[in-house]
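A.B. asks: Input structure.cif, format and content: mmCIF, C-alpha atoms.
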data_work
#
loop_
_atom_site.label_atom_id
_atom_site.label_comp_id
_atom_site.auth_asym_id
_atom_site.auth_seq_id
_atom_site.Cartn_x
_atom_site.Cartn_y
_atom_site.Cartn_z
CA MET A 387 0.00 0.00 0.00
CA PHE A 388 2.69 2.47 1.01
CA CYS A 389 4.99 1.51 -1.88
CA TRP A 390 2.24 2.05 -4.44
CA GLY A 391 1.14 5.30 -2.81
CA ILE A 392 4.61 6.84 -3.04
CA ALA A 393 5.25 5.44 -6.54
CA ILE A 394 1.98 6.83 -7.94
CA PHE A 395 2.52 10.25 -6.39
CA LEU A 396 5.96 10.49 -8.02
CA ALA A 397 4.56 9.11 -11.29
CA ALA A 398 2.02 11.95 -11.37
CA ILE A 399 4.82 14.52 -11.19
CA VAL A 400 7.01 12.75 -13.77
CA SER A 401 4.13 12.12 -16.21
CA ARG A 402 3.42 15.84 -16.36
CA LYS A 403 7.04 16.38 -17.41
CA ILE A 404 7.72 13.60 -19.93
CA GLY A 405 4.29 12.07 -20.64
CA ASN A 406 2.57 8.85 -19.63
CA ILE A 407 4.22 6.55 -22.20
CA LEU A 408 7.82 7.40 -21.34
CA THR A 409 7.07 7.35 -17.62
CA LEU A 410 5.54 3.89 -17.89
CA PHE A 411 8.28 2.46 -20.11
CA TRP A 412 11.23 3.56 -17.99
CA MET A 413 9.69 2.90 -14.59
CA GLN A 414 8.73 -0.63 -15.70
CA LEU A 415 12.22 -1.23 -17.07
CA PHE A 416 13.85 -0.07 -13.85
CA GLY A 417 11.45 -2.26 -11.89
CA LEU A 418 12.42 -5.25 -14.04
CA LEU A 419 16.11 -4.58 -13.36
CA VAL A 420 15.39 -4.48 -9.63
CA GLY A 421 13.66 -7.83 -10.00
CA LEU A 422 16.67 -9.30 -11.79
CA VAL A 423 18.81 -8.54 -8.74
CA TYR A 424 16.67 -11.06 -6.83
CA LEU A 425 15.97 -13.48 -9.69
CA ILE A 426 19.51 -14.23 -10.84
CA PRO A 427 20.88 -15.61 -7.53
CA ASN A 428 17.58 -17.29 -6.55
CA LEU A 429 16.35 -18.79 -9.83
CA SER A 430 17.29 -22.35 -8.91
CA SER A 431 15.20 -22.16 -5.72
CA LEU A 432 12.03 -20.95 -7.48
CA TYR A 433 9.44 -23.51 -8.56
CA THR A 434 9.01 -23.13 -12.34
CA ALA A 435 7.27 -26.36 -13.45
CA ASN A 436 3.91 -24.65 -14.08
CA LEU A 437 5.33 -21.46 -15.59
CA PHE A 438 4.89 -22.24 -19.30
CA PRO A 439 1.20 -23.25 -19.05
CA ALA A 440 0.63 -19.94 -17.26
CA ILE A 441 2.24 -17.82 -20.00
CA PRO A 442 -1.04 -17.10 -21.89
CA ILE A 443 -2.78 -15.70 -18.82
CA ILE A 444 0.38 -13.74 -17.91
CA ILE A 445 0.28 -12.15 -21.37
CA VAL A 446 -3.38 -11.18 -20.82
CA ILE A 447 -2.40 -9.68 -17.45
CA ALA A 448 0.39 -7.70 -19.13
CA LEU A 449 -2.02 -6.23 -21.71
CA LEU A 450 -4.53 -5.25 -19.02
CA GLN A 451 -1.76 -3.74 -16.91
CA LEU A 452 -0.56 -1.76 -19.93
CA ILE A 453 -4.05 -0.35 -20.48
CA ALA A 454 -4.44 0.45 -16.79
CA TYR A 455 -1.11 2.22 -16.39
CA LEU A 456 -1.38 4.29 -19.57
CA ALA A 457 -4.92 5.36 -18.72
CA PHE A 458 -4.07 6.12 -15.11
CA TYR A 459 -0.95 8.13 -15.89
CA LYS A 460 -2.86 10.07 -18.55
CA GLY A 461 -5.51 10.78 -15.94
CA LEU A 462 -2.84 12.05 -13.55
CA GLU A 463 -1.61 14.38 -16.30
CA ARG A 464 -5.08 15.82 -16.95
CA GLY A 465 -6.69 15.83 -13.52
CA GLN A 466 -5.92 16.26 -9.84
CA VAL A 467 -3.98 13.46 -8.18
CA SER A 468 -6.36 13.57 -5.21
CA LEU A 469 -9.32 12.95 -7.56
CA VAL A 470 -7.88 10.39 -10.00
CA SER A 471 -5.99 8.28 -7.45
CA PRO A 472 -9.03 7.16 -5.38
CA LEU A 473 -10.83 6.18 -8.60
CA GLY A 474 -7.96 4.02 -9.80
CA ALA A 475 -7.62 2.59 -6.30
CA SER A 476 -11.18 1.29 -6.46
CA TRP A 477 -9.85 -1.71 -8.43
CA GLY A 478 -10.04 -3.57 -5.12
CA LEU A 479 -13.82 -3.52 -5.51
CA ILE A 480 -13.60 -5.18 -8.94
CA SER A 481 -11.16 -7.83 -7.69
CA ALA A 482 -13.29 -8.59 -4.64
CA MET A 483 -16.42 -9.01 -6.77
CA LEU A 484 -14.60 -11.36 -9.14
CA GLY A 485 -13.36 -13.37 -6.15
CA ILE A 486 -16.94 -13.79 -4.99
CA ILE A 487 -18.17 -14.86 -8.43
CA PHE A 488 -15.39 -17.26 -9.42
CA TYR A 489 -13.89 -18.42 -6.11
CA HIS A 490 -17.20 -18.35 -4.20
CA GLU A 491 -15.62 -16.21 -1.50
CA LYS A 492 -18.25 -14.81 0.87
CA LEU A 493 -18.62 -11.21 2.02
CA ALA A 494 -19.90 -10.17 5.44
CA THR A 495 -22.74 -7.66 5.77
CA HIS A 496 -20.39 -4.75 6.43
CA GLN A 497 -18.36 -5.65 3.33
CA ILE A 498 -21.50 -5.56 1.18
CA GLY A 499 -22.21 -2.13 2.64
CA ALA A 500 -18.64 -1.11 1.78
CA ILE A 501 -19.34 -1.83 -1.89
CA PHE A 502 -22.19 0.69 -1.91
CA VAL A 503 -20.04 3.21 -0.02
CA ILE A 504 -17.32 2.91 -2.67
CA LEU A 505 -19.82 3.26 -5.51
CA ALA A 506 -21.33 6.36 -3.90
CA GLY A 507 -17.87 7.83 -3.48
CA ILE A 508 -17.01 7.16 -7.12
CA ILE A 509 -20.17 8.94 -8.30
CA GLY A 510 -19.59 11.88 -5.97
CA LEU A 511 -15.96 12.22 -7.00
CA SER A 512 -16.51 11.84 -10.74
CA ILE A 513 -19.47 13.96 -11.76
CA ASP A 514 -19.60 17.75 -11.99
CA PHE A 515 -23.03 18.20 -10.41
CA LYS A 516 -23.19 21.97 -11.03
CA LYS A 517 -22.92 21.45 -14.78
CA LEU A 518 -25.22 18.43 -14.53
CA PHE A 519 -28.06 20.52 -13.09
CA ALA A 520 -27.32 23.47 -15.38
CA SER A 521 -27.09 21.57 -18.69
CA GLN A 522 -28.96 18.33 -17.84
CA LYS A 523 -25.90 16.47 -19.16
CA VAL A 524 -23.51 14.21 -17.28
CA LEU A 525 -20.08 15.81 -17.52
CA LEU A 526 -17.13 14.01 -15.99
CA LEU A 527 -14.29 15.89 -14.32
CA ALA A 528 -10.84 15.84 -15.96
CA GLY A 529 -9.08 12.50 -15.49
CA VAL A 530 -12.18 10.62 -14.31
CA LYS A 531 -12.64 8.55 -17.47
CA GLU A 532 -9.03 7.42 -17.36
CA GLY A 533 -9.30 6.63 -13.65
CA VAL A 534 -12.33 4.41 -14.21
CA ILE A 535 -10.63 2.57 -17.10
CA ALA A 536 -7.63 1.93 -14.84
CA MET A 537 -9.94 0.72 -12.07
CA PHE A 538 -11.46 -2.02 -14.25
CA ALA A 539 -8.22 -3.02 -16.01
CA TRP A 540 -6.28 -3.24 -12.73
CA GLY A 541 -9.12 -5.01 -10.95
CA ILE A 542 -9.38 -7.74 -13.59
CA SER A 543 -5.62 -8.14 -14.10
CA LEU A 544 -4.77 -8.36 -10.41
CA PHE A 545 -7.57 -10.86 -9.88
CA LEU A 546 -6.12 -12.96 -12.72
CA LEU A 547 -2.64 -12.64 -11.21
CA VAL A 548 -3.78 -14.66 -8.18
CA MET A 549 -4.07 -17.86 -10.25
CA PRO A 550 -0.51 -18.07 -11.67
CA THR A 551 0.89 -16.78 -8.37
CA LYS A 552 -0.61 -19.75 -6.53
CA SER A 553 0.22 -22.33 -9.24
CA VAL A 554 3.77 -21.18 -10.06
CA ASN A 555 5.31 -19.11 -7.25
CA TRP A 556 5.08 -15.67 -5.67
CA PHE A 557 7.77 -14.06 -7.85
CA LEU A 558 7.84 -15.17 -11.48
CA PRO A 559 4.28 -14.28 -12.65
CA ALA A 560 4.64 -10.63 -11.56
CA PHE A 561 8.14 -10.52 -13.03
CA MET A 562 7.07 -12.06 -16.33
CA PHE A 563 4.05 -9.84 -16.93
CA ARG A 564 6.32 -6.82 -16.45
CA PHE A 565 8.66 -8.25 -19.10
CA PHE A 566 5.79 -8.68 -21.58
CA LEU A 567 4.41 -5.23 -20.76
CA ILE A 568 7.76 -3.62 -21.57
CA ALA A 569 8.00 -5.65 -24.79
CA PHE A 570 4.51 -4.62 -25.94
CA LEU A 571 5.05 -0.97 -25.07
CA GLY A 572 8.51 -0.95 -26.67
CA CYS A 573 7.12 -2.41 -29.91
CA TYR A 574 4.38 0.23 -29.92
CA MET A 575 6.93 3.01 -29.46
CA VAL A 576 9.09 1.65 -32.28
CA ALA A 577 6.07 1.24 -34.59
CA THR A 578 4.90 4.80 -33.93
CA LYS A 579 8.47 6.14 -34.09
CA ALA A 580 8.14 7.58 -30.62
CA SER A 581 11.29 8.79 -28.90
CA PHE A 582 12.56 6.83 -25.90
CA VAL A 583 13.89 10.01 -24.25
CA LYS A 584 12.86 13.64 -24.18
CA THR A 585 15.39 15.61 -26.19
CA LYS A 586 14.34 19.12 -25.21
CA GLN A 587 14.30 18.57 -21.45
CA SER A 588 16.11 16.49 -18.88
CA THR A 589 14.68 13.13 -17.90
CA PRO A 590 14.21 12.59 -14.13
CA TRP A 591 16.04 9.26 -14.04
CA GLY A 592 16.25 9.16 -10.25
CA SER A 593 12.51 9.55 -9.84
CA LEU A 594 11.83 6.94 -12.53
CA PHE A 595 14.08 4.45 -10.73
CA ILE A 596 12.31 5.07 -7.41
CA ILE A 597 8.89 4.67 -9.07
CA GLY A 598 9.94 1.40 -10.70
CA ALA A 599 11.55 0.01 -7.55
CA PHE A 600 8.60 0.89 -5.30
CA ASP A 601 6.07 -0.40 -7.85
CA PHE A 602 7.91 -3.71 -8.14
CA ALA A 603 8.17 -4.01 -4.35
CA ALA A 604 4.41 -3.45 -4.09
CA PHE A 605 3.68 -6.25 -6.55
CA MET A 606 6.02 -8.62 -4.74
CA SER A 607 4.32 -7.86 -1.42
CA LEU A 608 0.92 -8.41 -3.04
CA SER A 609 2.02 -11.75 -4.51
CA LEU A 610 3.26 -12.95 -1.13
CA GLY A 611 0.01 -11.83 0.49
CA THR A 612 -2.20 -13.73 -1.95
CA LEU A 613 -0.48 -16.97 -0.95
CA GLU A 614 -1.58 -16.49 2.65
CA VAL A 615 -5.17 -15.16 2.49
CA ASN A 616 -8.19 -14.87 0.16
CA SER A 617 -7.89 -12.46 -2.76
CA SER A 618 -11.06 -10.64 -1.68
CA PHE A 619 -9.24 -9.74 1.56
CA ILE A 620 -5.71 -8.82 0.48
CA LEU A 621 -6.49 -7.00 -2.79
CA PRO A 622 -8.70 -4.28 -1.26
CA ILE A 623 -6.04 -3.60 1.39
CA ALA A 624 -3.44 -3.10 -1.33
CA SER A 625 -5.74 -0.71 -3.17
CA ALA A 626 -5.82 1.58 -0.12
CA TYR A 627 -2.62 3.16 -1.50
CA ALA A 628 -4.78 6.11 -2.55
CA LEU A 629 -4.77 7.30 1.06
CA VAL A 630 -1.00 7.79 0.85
CA THR A 631 -1.18 9.41 -2.59
CA VAL A 632 -3.96 11.84 -1.63
CA VAL A 633 -2.14 12.97 1.52
CA LEU A 634 1.07 13.57 -0.45
CA ALA A 635 -0.86 15.51 -3.13
CA TRP A 636 -2.46 17.76 -0.52
CA ILE A 637 0.87 18.42 1.21
CA PHE A 638 3.28 18.83 -1.69
CA LEU A 639 1.11 19.74 -4.70
CA LYS A 640 -1.23 21.98 -2.67
CA GLU A 641 -4.24 20.52 -4.47
CA LYS A 642 -7.58 22.04 -3.51
CA MET A 643 -10.76 20.00 -3.23
CA THR A 644 -14.36 20.98 -2.59
CA PRO A 645 -16.08 19.56 0.52
CA ARG A 646 -17.98 17.15 -1.76
CA HIS A 647 -14.76 15.87 -3.29
CA ILE A 648 -13.21 15.43 0.14
CA MET A 649 -16.23 13.51 1.41
CA SER A 650 -16.33 11.36 -1.73
CA ALA A 651 -12.62 10.54 -1.52
CA LEU A 652 -13.00 9.65 2.16
CA ALA A 653 -16.02 7.48 1.29
CA ILE A 654 -13.97 5.50 -1.23
CA LEU A 655 -11.07 5.07 1.17
CA THR A 656 -13.44 4.11 4.01
CA GLY A 657 -15.13 1.55 1.75
CA VAL A 658 -11.78 0.08 0.72
CA VAL A 659 -10.83 -0.36 4.39
CA MET A 660 -14.27 -1.78 5.32
CA ILE A 661 -14.24 -4.38 2.56
CA SER A 662 -10.92 -5.75 3.84
CA LEU A 663 -12.10 -6.22 7.46
#
Can you present the structure in this file as structure tokens?
C.D. replies:
Amino acid sequence: MFCWGIAIFLAAIVSRKIGNILTLFWMQLFGLLVGLVYLIPNLSSLYTANLFPAIPIIIVIALLQLIAYLAFYKGLERGQVSLVSPLGASWGLISAMLGIIFYHEKLATHQIGAIFVILAGIIGLSIDFKKLFASQKVLLLAGVKEGVIAMFAWGISLFLLVMPTKSVNWFLPAFMFRFFLIAFLGCYMVATKASFVKTKQSTPWGSLFIIGAFDFAAFMSLSLGTLEVNSSFILPIASAYALVTVVLAWIFLKEKMTPRHIMSALAILTGVVMISL
């Protein structure tokens, strides 16, 4: 939770400087290099027998993660971090619902209530009600659409990640989907003749390394957690990273929010905590 919160806050700053594609490519590459530091000396001790049958689902996870990250970082470019981050963090709701449907995991009464609290918070945070009443049209605030796309793509992909994590091991599935994500994004950049570095301004390499390292550490912690408890329990806890990101945005970016936005963000965060209890 804390690793993702810090990584996403820094990613918001970096994305506004060099764009969402470059931020994603380099932070994922640095994260992969951090993973190699562990993988190389420990490869022989990792169980790999079921890795190849899991490759197709790992590729699907990589594509969903690519969609989620690009959408989320674009949302952070366009909108306020304290608005977009809680929306993206609501992926825990999607993962919990999928766990109930496919793994027959049961929710307590307060967890069912948490779902409605999160949904109410999403609506309150996303819609510009002044323009809604004035124009009779639903107008979303900047970055909301991207945040919702990230919510669904992350929710589905992290739910899918539970299966290869339990059948292979806690490390390799998260490492491999990062490899495929970088490959897909790199091919896209080559095909579109996109530059891999900004030529007219300096690239914040230090920040990109920290983002990648913290993001990779978060995934490793999540993978270890899913081996111990139900996905409908651990995934919502991990998605509470938005609390860290929102606090950092208020302190360092001096973002201003209306009372409705504050209440809606708190509702989402409260729901995320409730659903994990």
A.B. asks: Have a look at A:Ile568, A:Ala560, A:Leu456, A:Leu652 and name the one nearest to Leu473 in chain A; count all atoms listed in the file.
C.D. replies: A:Leu652
A.B. asks: One decimal, Å: what's the distance from CA of Met413 in chain A over to CA of Ala599 in chain A, could you say?
C.D. replies: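 Computing the Euclidean distance for CA of Met413 in chain A and CA of Ala599 in chain A yields 7.8 Å.
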A.B. asks: If you apply the PyMOL selection byres ((chain A and resi 448) around 8) to this file, what residues do you get, as a short mmCIF file (atom, residue, chain, number, x, y, z; two decimals) with C-alpha atoms, in the coordinates of the input?
C.D. replies:
data_model
loop_
_atom_site.label_atom_id
_atom_site.label_comp_id
_atom_site.auth_asym_id
_atom_site.auth_seq_id
_atom_site.Cartn_x
_atom_site.Cartn_y
_atom_site.Cartn_z
CA ILE A 444 0.38 -13.74 -17.91
CA ILE A 445 0.28 -12.15 -21.37
CA VAL A 446 -3.38 -11.18 -20.82
CA ILE A 447 -2.40 -9.68 -17.45
CA LEU A 449 -2.02 -6.23 -21.71
CA LEU A 450 -4.53 -5.25 -19.02
CA GLN A 451 -1.76 -3.74 -16.91
CA LEU A 452 -0.56 -1.76 -19.93
CA SER A 543 -5.62 -8.14 -14.10
CA PHE A 563 4.05 -9.84 -16.93
CA ARG A 564 6.32 -6.82 -16.45
CA PHE A 566 5.79 -8.68 -21.58
CA LEU A 567 4.41 -5.23 -20.76
#
A.B. asks: In terms of the shortest atom-to-atom distance over all atoms listed in the file, which of A:Ile443, A:Val633, A:His647, A:Ala539 is closest to Gly507 in chain A?
C.D. replies: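 For Gly507 in chain A, the nearest of the given residues is A:His647.
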A.B. asks: Could you please determine the separation between CA of Ala651 in chain A and CA of Gly417 in chain A in Å, to one decimal place?
C.D. replies: 29.2 Å
A.B. asks: In Å, with one decimal, what is the gap from CA of Ile648 in chain A to CA of Ala397 in chain A?
C.D. replies: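 Between these atoms lies a distance of 22.1 Å.
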A.B. asks: Starting from the displayed file, determine the output of the PyMOL selection byres ((chain A and resi 536) around 6) and express the residue list as a ChimeraX atom specification.
C.D. replies: /A:454,457-458,474,533-535,537-540
A.B. asks: Using all atoms listed in the file, find the one residue out of A:Ile404, A:Leu410, A:Gly461, A:Leu629 that sits nearest to Thr589 in chain A.
C.D. replies: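 So, comparing all the options, the nearest one is A:Ile404.
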A.B. asks: Range 430-433 of chain A: which residues within 10 Å, counting all atoms listed in the file, same-chain residues fewer than 2 positions away excluded, as a PDB file with C-alpha atoms, in the coordinates of the input?
C.D. replies:
ATOM      1  CA  LEU A 425      15.970 -13.480  -9.690  1.00  0.00           C
ATOM      2  CA  ILE A 426      19.510 -14.230 -10.840  1.00  0.00           C
ATOM      3  CA  PRO A 427      20.880 -15.610  -7.530  1.00  0.00           C
ATOM      4  CA  ASN A 428      17.580 -17.290  -6.550  1.00  0.00           C
ATOM      5  CA  ALA A 435       7.270 -26.360 -13.450  1.00  0.00           C
ATOM      6  CA  ASN A 436       3.910 -24.650 -14.080  1.00  0.00           C
ATOM      7  CA  LEU A 437       5.330 -21.460 -15.590  1.00  0.00           C
ATOM      8  CA  SER A 553       0.220 -22.330  -9.240  1.00  0.00           C
ATOM      9  CA  VAL A 554       3.770 -21.180 -10.060  1.00  0.00           C
ATOM     10  CA  ASN A 555       5.310 -19.110  -7.250  1.00  0.00           C
ATOM     11  CA  TRP A 556       5.080 -15.670  -5.670  1.00  0.00           C
ATOM     12  CA  PHE A 557       7.770 -14.060  -7.850  1.00  0.00           C
ATOM     13  CA  LEU A 558       7.840 -15.170 -11.480  1.00  0.00           C
TER      14      LEU A 558
END
A.B. asks: Identify which of the residues A:Leu505, A:Val632, A:Met643, A:Leu408 lies closest to Ile392 in chain A, counting only C-alpha atoms when measuring atom-to-atom distances.
C.D. replies: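 Smallest separation from Ile392 in chain A among the options: A:Val632.
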A.B. asks: At a cut-off of 12 Å, using all atoms listed in the file, what residues contact Ser476 in chain A? Leave out same-chain residues fewer than 6 positions from it and give the result as number ranges by chain.
C.D. replies: A: 469-470, 482-483, 500-509, 511, 533-542, 621-629, 651, 653-659, 661
A.B. asks: Could you dump the residues just selected with C-alpha atoms as a short mmCIF file (atom, residue, chain, number, x, y, z; two decimals), keeping the file's coordinate frame?
C.D. replies:
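New file out-v1.cif:
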data_model
loop_
_atom_site.label_atom_id
_atom_site.label_comp_id
_atom_site.auth_asym_id
_atom_site.auth_seq_id
_atom_site.Cartn_x
_atom_site.Cartn_y
_atom_site.Cartn_z
CA LEU A 469 -9.32 12.95 -7.56
CA VAL A 470 -7.88 10.39 -10.00
CA ALA A 482 -13.29 -8.59 -4.64
CA MET A 483 -16.42 -9.01 -6.77
CA ALA A 500 -18.64 -1.11 1.78
CA ILE A 501 -19.34 -1.83 -1.89
CA PHE A 502 -22.19 0.69 -1.91
CA VAL A 503 -20.04 3.21 -0.02
CA ILE A 504 -17.32 2.91 -2.67
CA LEU A 505 -19.82 3.26 -5.51
CA ALA A 506 -21.33 6.36 -3.90
CA GLY A 507 -17.87 7.83 -3.48
CA ILE A 508 -17.01 7.16 -7.12
CA ILE A 509 -20.17 8.94 -8.30
CA LEU A 511 -15.96 12.22 -7.00
CA GLY A 533 -9.30 6.63 -13.65
CA VAL A 534 -12.33 4.41 -14.21
CA ILE A 535 -10.63 2.57 -17.10
CA ALA A 536 -7.63 1.93 -14.84
CA MET A 537 -9.94 0.72 -12.07
CA PHE A 538 -11.46 -2.02 -14.25
CA ALA A 539 -8.22 -3.02 -16.01
CA TRP A 540 -6.28 -3.24 -12.73
CA GLY A 541 -9.12 -5.01 -10.95
CA ILE A 542 -9.38 -7.74 -13.59
CA LEU A 621 -6.49 -7.00 -2.79
CA PRO A 622 -8.70 -4.28 -1.26
CA ILE A 623 -6.04 -3.60 1.39
CA ALA A 624 -3.44 -3.10 -1.33
CA SER A 625 -5.74 -0.71 -3.17
CA ALA A 626 -5.82 1.58 -0.12
CA TYR A 627 -2.62 3.16 -1.50
CA ALA A 628 -4.78 6.11 -2.55
CA LEU A 629 -4.77 7.30 1.06
CA ALA A 651 -12.62 10.54 -1.52
CA ALA A 653 -16.02 7.48 1.29
CA ILE A 654 -13.97 5.50 -1.23
CA LEU A 655 -11.07 5.07 1.17
CA THR A 656 -13.44 4.11 4.01
CA GLY A 657 -15.13 1.55 1.75
CA VAL A 658 -11.78 0.08 0.72
CA VAL A 659 -10.83 -0.36 4.39
CA ILE A 661 -14.24 -4.38 2.56
#
A.B. asks: On this file, the PyMOL selection byres ((chain A and resi 403) around 12) gives some set of residues; write that set as a list in words.
C.D. replies: Leu396, Ala397, Ala398, Ile399, Val400, Ser401, Arg402, Ile404, Gly405, Asn406, Ile407, Leu408, Thr409, Tyr459, Lys460, Leu462, Glu463, Val583, Lys584, Lys586, Gln587, Ser588, Thr589, Pro590, Trp591, Ser593 and Leu594 of chain A
A.B. asks: With all atoms listed in the file as the atoms that count, which of A:Thr551, A:Thr585, A:Ser481, A:Ser471 lies nearest to Val530 in chain A?
C.D. replies: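 Looking only at the distances to Val530 in chain A, the closest residue turns out to be A:Ser471.
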A.B. asks: Under the rule that all atoms listed in the file are counted, which of A:Ile394, A:Leu546, A:Ile486, A:Ala494 is the nearest residue to Val467 in chain A?
C.D. replies: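 With all atoms listed in the file as the atom set, the closest residue is A:Ile394.
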